[in-house]
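> Sharing a structure here in structure tokens format.
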Amino acid sequence: MATIVTSTIKPSGGDYTTLTAWYTAKAGNLVAADQVQQAECYIFSGGLSDSLTMSGSTTDATRYFRIYTPVSERHNGTPNSGFFVSSTSNVMDVRDNYTRLEGIELNATGTTNHGLYAAYARYITMTDCIFKGGPTSGSAIYRLCNGAGAGVHATVVNCLIYGAGGDGVSLNNSGTGPTKQFYHCVFANNGGTGLQAAYGDYDVRDCVFFGNTTD
């Protein structure tokens with residue numbers, strides 16, 4: 001069984017003060033190290049200002065990166081009520097396969113930027129998260145799992161996807177093979193399409209769409 005290595009992300013008194021610093025220190029071959037690397041995130045007053053790129057590490061289904069909040073630091077279902085990250089760039093660009101995001105909020109404040117850019121990752125999971133896109137043409141989640149290939153490439157559960165000037169979730173150019181799962185999600189007040197599903201296969205269950213230009 002892989003060793004779980006937990007680092008705390010706090011404004012002070014933790015292991016790191018940004019997710020970028022954490023990933024820079026922990027990136028590498030998690031398969032060879034036989035590790036799960038976890039970032040345990042705590043509330044920053046006014047949010048954490050950061051723009052994280054996760055790329056180039058070696059991972060698999062049992063050895064991966066996990067970014068999460070403990071219950072005490074987690075949002076209550078409304079924006080900015082717990083730990084959140086904001087940036088005028090893309091808030092997160094996730095390219096490492098098998099990454100897990102749990103209970104975090106990504107808030108893109110750049111007009112054309114995205115909350116989560118995940119064009120190149122495979123087999124990623126997002127649970128109990130909030131994603132917001134830039135107000136002009138950004139997406140809350142952009143090009144999720146771009147490229148063809150078999151299997152379930154993304155699972156999104158109990159997430160709020162809202163407030164983007166563009167699409168809530170943009171799946172354009174995402175190939176004709178991978179499956180994306182959306183369970184118990186809310187797509188609200190996006191300026192484009194709530195869930196733009198031009199390519200690939202989709203499993204969408206028990207979701208709510210409202211206030212989008214096109215649901």
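Chain identifiers are assigned as A, B, and so on, following the order in which chains appear in the structure tokens; residues are numbered from 1 within each chain, and ligands are numbered from 1 in order of appearance.
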Determine, counting only C-alpha atoms, which protein, DNA and RNA residues have an atom within 7 Å of an atom of Thr69 (chain A); residues of the same chain fewer than 5 positions away are not included. Present the result as a list in words.
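With the cut-off at 7 Å, the set is Glu40, Cys41, Tyr42, Arg74, Glu102, Gly103 and Ile104 of chain A.
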> Can you list every residue of region 92-190 of chain A that has an atom at most 9 Å from region 48-67 of chain A, with its nearest atom pair and the distance in Å to one decimal, using only C-alpha atoms, ordered by chain then number, as a Markdown table?

```
| residue | atom | partner | partner_atom | distance |
| --- | --- | --- | --- | --- |
| A:Met92 | CA | A:Leu52 | CA | 4.8 |
| A:Asp93 | CA | A:Thr53 | CA | 4.6 |
| A:Val94 | CA | A:Met54 | CA | 4.9 |
| A:Arg95 | CA | A:Ser55 | CA | 4.9 |
| A:Asp96 | CA | A:Ser55 | CA | 5.3 |
| A:Asn97 | CA | A:Thr59 | CA | 6.3 |
| A:Tyr98 | CA | A:Tyr64 | CA | 5.9 |
| A:Thr99 | CA | A:Phe65 | CA | 5.0 |
| A:Arg100 | CA | A:Arg66 | CA | 4.6 |
| A:Leu101 | CA | A:Ile67 | CA | 5.0 |
| A:Glu102 | CA | A:Ile67 | CA | 6.3 |
| A:Gly103 | CA | A:Ile67 | CA | 8.5 |
| A:Ile104 | CA | A:Ile67 | CA | 7.8 |
| A:Ala121 | CA | A:Ser55 | CA | 8.9 |
| A:Tyr123 | CA | A:Ala61 | CA | 8.2 |
```
> Per residue of region 139-211 of chain A within 8 Å of region 109-120 of chain A, which atom pair is closest and at what distance in Å (one decimal), using only C-alpha atoms, listed by chain and increasing number, as JSON lines?

```
{"residue": "A:Ser139", "atom": "CA", "partner": "A:His114", "partner_atom": "CA", "distance": 4.9}
{"residue": "A:Ala140", "atom": "CA", "partner": "A:Gly115", "partner_atom": "CA", "distance": 4.7}
{"residue": "A:Ile141", "atom": "CA", "partner": "A:Leu116", "partner_atom": "CA", "distance": 4.7}
{"residue": "A:Tyr142", "atom": "CA", "partner": "A:Tyr117", "partner_atom": "CA", "distance": 4.9}
{"residue": "A:Arg143", "atom": "CA", "partner": "A:Ala119", "partner_atom": "CA", "distance": 4.9}
{"residue": "A:Leu144", "atom": "CA", "partner": "A:Ala118", "partner_atom": "CA", "distance": 5.0}
{"residue": "A:Cys145", "atom": "CA", "partner": "A:Ala119", "partner_atom": "CA", "distance": 4.8}
{"residue": "A:Asn146", "atom": "CA", "partner": "A:Ala119", "partner_atom": "CA", "distance": 4.4}
{"residue": "A:Gly147", "atom": "CA", "partner": "A:Tyr120", "partner_atom": "CA", "distance": 7.5}
{"residue": "A:Gly165", "atom": "CA", "partner": "A:Thr112", "partner_atom": "CA", "distance": 7.9}
{"residue": "A:Ser174", "atom": "CA", "partner": "A:Ala119", "partner_atom": "CA", "distance": 7.7}
```
> Emit the selected residues as a PDB file, in the first residue's frame, including all heavy atoms.

```
ATOM      1  N   SER A 139     -14.212  29.760 -18.690  1.00  0.00           N
ATOM      2  CA  SER A 139     -15.058  28.634 -18.280  1.00  0.00           C
ATOM      3  C   SER A 139     -14.722  28.257 -16.844  1.00  0.00           C
ATOM      4  O   SER A 139     -13.591  28.435 -16.387  1.00  0.00           O
ATOM      5  CB  SER A 139     -14.811  27.419 -19.180  1.00  0.00           C
ATOM      6  OG  SER A 139     -15.258  27.664 -20.497  1.00  0.00           O
ATOM      7  N   ALA A 140     -15.713  27.727 -16.141  1.00  0.00           N
ATOM      8  CA  ALA A 140     -15.436  27.228 -14.801  1.00  0.00           C
ATOM      9  C   ALA A 140     -14.500  26.017 -14.872  1.00  0.00           C
ATOM     10  O   ALA A 140     -13.545  25.907 -14.120  1.00  0.00           O
ATOM     11  CB  ALA A 140     -16.741  26.872 -14.098  1.00  0.00           C
ATOM     12  N   ILE A 141     -14.794  25.097 -15.816  1.00  0.00           N
ATOM     13  CA  ILE A 141     -13.913  23.964 -16.109  1.00  0.00           C
ATOM     14  C   ILE A 141     -13.721  23.942 -17.616  1.00  0.00           C
ATOM     15  O   ILE A 141     -14.693  23.874 -18.369  1.00  0.00           O
ATOM     16  CB  ILE A 141     -14.505  22.631 -15.628  1.00  0.00           C
ATOM     17  CG1 ILE A 141     -14.732  22.658 -14.113  1.00  0.00           C
ATOM     18  CG2 ILE A 141     -13.592  21.470 -16.000  1.00  0.00           C
ATOM     19  CD1 ILE A 141     -15.437  21.411 -13.575  1.00  0.00           C
ATOM     20  N   TYR A 142     -12.468  23.977 -18.057  1.00  0.00           N
ATOM     21  CA  TYR A 142     -12.197  24.144 -19.487  1.00  0.00           C
ATOM     22  C   TYR A 142     -11.575  22.905 -20.099  1.00  0.00           C
ATOM     23  O   TYR A 142     -10.588  22.371 -19.593  1.00  0.00           O
ATOM     24  CB  TYR A 142     -11.259  25.328 -19.689  1.00  0.00           C
ATOM     25  CG  TYR A 142     -11.024  25.699 -21.131  1.00  0.00           C
ATOM     26  CD1 TYR A 142     -12.063  26.155 -21.932  1.00  0.00           C
ATOM     27  CD2 TYR A 142      -9.752  25.602 -21.683  1.00  0.00           C
ATOM     28  CE1 TYR A 142     -11.851  26.512 -23.256  1.00  0.00           C
ATOM     29  CE2 TYR A 142      -9.528  25.961 -23.012  1.00  0.00           C
ATOM     30  CZ  TYR A 142     -10.585  26.404 -23.788  1.00  0.00           C
ATOM     31  OH  TYR A 142     -10.374  26.753 -25.090  1.00  0.00           O
ATOM     32  N   ARG A 143     -12.172  22.438 -21.223  1.00  0.00           N
ATOM     33  CA  ARG A 143     -11.661  21.320 -22.016  1.00  0.00           C
ATOM     34  C   ARG A 143     -11.285  20.122 -21.150  1.00  0.00           C
ATOM     35  O   ARG A 143     -10.147  19.643 -21.157  1.00  0.00           O
ATOM     36  CB  ARG A 143     -10.498  21.779 -22.881  1.00  0.00           C
ATOM     37  CG  ARG A 143     -10.973  22.724 -23.970  1.00  0.00           C
ATOM     38  CD  ARG A 143      -9.970  22.904 -25.071  1.00  0.00           C
ATOM     39  NE  ARG A 143     -10.570  23.683 -26.160  1.00  0.00           N
ATOM     40  CZ  ARG A 143      -9.938  24.020 -27.268  1.00  0.00           C
ATOM     41  NH1 ARG A 143      -8.697  23.651 -27.455  1.00  0.00           N
ATOM     42  NH2 ARG A 143     -10.550  24.710 -28.210  1.00  0.00           N
ATOM     43  N   LEU A 144     -12.250  19.632 -20.435  1.00  0.00           N
ATOM     44  CA  LEU A 144     -12.018  18.533 -19.503  1.00  0.00           C
ATOM     45  C   LEU A 144     -11.623  17.275 -20.266  1.00  0.00           C
ATOM     46  O   LEU A 144     -12.357  16.771 -21.097  1.00  0.00           O
ATOM     47  CB  LEU A 144     -13.305  18.300 -18.701  1.00  0.00           C
ATOM     48  CG  LEU A 144     -13.263  17.254 -17.606  1.00  0.00           C
ATOM     49  CD1 LEU A 144     -12.215  17.619 -16.557  1.00  0.00           C
ATOM     50  CD2 LEU A 144     -14.638  17.132 -16.959  1.00  0.00           C
ATOM     51  N   CYS A 145     -10.429  16.762 -19.975  1.00  0.00           N
ATOM     52  CA  CYS A 145      -9.920  15.509 -20.552  1.00  0.00           C
ATOM     53  C   CYS A 145      -9.889  15.550 -22.069  1.00  0.00           C
ATOM     54  O   CYS A 145     -10.499  14.727 -22.746  1.00  0.00           O
ATOM     55  CB  CYS A 145     -10.725  14.322 -20.061  1.00  0.00           C
ATOM     56  SG  CYS A 145     -10.597  14.073 -18.298  1.00  0.00           S
ATOM     57  N   ASN A 146      -9.169  16.512 -22.596  1.00  0.00           N
ATOM     58  CA  ASN A 146      -9.012  16.635 -24.041  1.00  0.00           C
ATOM     59  C   ASN A 146      -8.319  15.398 -24.610  1.00  0.00           C
ATOM     60  O   ASN A 146      -7.423  14.843 -24.001  1.00  0.00           O
ATOM     61  CB  ASN A 146      -8.155  17.869 -24.322  1.00  0.00           C
ATOM     62  CG  ASN A 146      -7.955  18.114 -25.799  1.00  0.00           C
ATOM     63  OD1 ASN A 146      -8.906  18.417 -26.491  1.00  0.00           O
ATOM     64  ND2 ASN A 146      -6.736  17.980 -26.251  1.00  0.00           N
ATOM     65  N   GLY A 147      -8.751  14.953 -25.775  1.00  0.00           N
ATOM     66  CA  GLY A 147      -8.101  13.835 -26.447  1.00  0.00           C
ATOM     67  C   GLY A 147      -8.887  12.555 -26.336  1.00  0.00           C
ATOM     68  O   GLY A 147      -9.634  12.326 -25.386  1.00  0.00           O
ATOM     69  N   GLY A 165     -18.291  33.618 -17.702  1.00  0.00           N
ATOM     70  CA  GLY A 165     -18.762  34.379 -18.842  1.00  0.00           C
ATOM     71  C   GLY A 165     -18.976  33.499 -20.059  1.00  0.00           C
ATOM     72  O   GLY A 165     -19.834  33.758 -20.889  1.00  0.00           O
ATOM     73  N   SER A 174     -12.641  17.389 -27.065  1.00  0.00           N
ATOM     74  CA  SER A 174     -12.222  16.405 -26.064  1.00  0.00           C
ATOM     75  C   SER A 174     -12.246  14.980 -26.591  1.00  0.00           C
ATOM     76  O   SER A 174     -12.212  14.032 -25.843  1.00  0.00           O
ATOM     77  CB  SER A 174     -13.104  16.510 -24.823  1.00  0.00           C
ATOM     78  OG  SER A 174     -14.454  16.302 -25.145  1.00  0.00           O
TER      79      SER A 174
END
```
> Check the DSSP output for the backbone and give back, as a list in words, the residues of region 67-144 of chain A in strand (DSSP E).
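Matching residues, listed in order: Ile67, Tyr68, Phe84, Val85, Ser86, Ser87, Met92, Asp93, Val94, Arg100, Leu101, Glu102, Glu105, Leu106, Asn107, Ala108, Leu116, Tyr117, Ile124, Thr125, Met126, Thr127, Ile130, Phe131, Lys132, Ile141 and Tyr142 of chain A.
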> Skip Cys207 (chain A) itself and residues of its chain fewer than 2 positions away, then list as a PyMOL selection string all residues within 7 Å of it, counting only C-alpha atoms.
chain A and resi 183-186+204-205+209
> Write out as an MDAnalysis selection string all residues of region 29-80 of chain A that DSSP puts in alpha helix (DSSP H) for this structure's backbone.
chainID A and resid 30:33
> What is the CA of Thr193 (chain A)-CA of Tyr68 (chain A) distance in Å, reported with one decimal?
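Answer for the CA of Thr193 (chain A) to CA of Tyr68 (chain A) separation: 27.8 Å.
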> Between A:Ile43, A:Val208, A:Met126, A:Ala33, which has the minimum distance to Val157 (chain A) (counting only C-alpha atoms)?
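Answer, going by the shortest atom-to-atom distance: A:Met126.
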> List the spatial neighbours of Gly47 (chain A) as a ChimeraX atom specification - criterion: any atom at most 8 Å away, only C-alpha atoms, same-chain residues fewer than 6 positions off excluded.
/A:80,83-86
> Between CA of Leu19 (chain A) and CA of Ser72 (chain A), what is the distance, to one decimal in Å?
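Interatomic distance, CA of Leu19 (chain A) to CA of Ser72 (chain A): 18.8 Å.
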> For His153 (chain A), please output as number ranges by chain all residues within 6 Å (counting only C-alpha atoms; exclusion window: fewer than 6 positions along the same chain).
A: 122-123, 178-180
> In terms of the shortest atom-to-atom distance over only C-alpha atoms, which of A:Phe44, A:Tyr162, A:Trp22, A:Phe131 is closest to Gly194 (chain A)?
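Ranked by minimum distance to Gly194 (chain A), first place goes to A:Tyr162.
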> Smallest atom-to-atom distance to Val169 (chain A): which of A:Asn212, A:Ser12, A:Thr20, A:Thr136, using only C-alpha atoms?
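Of all the options, A:Asn212 lies closest to Val169 (chain A).
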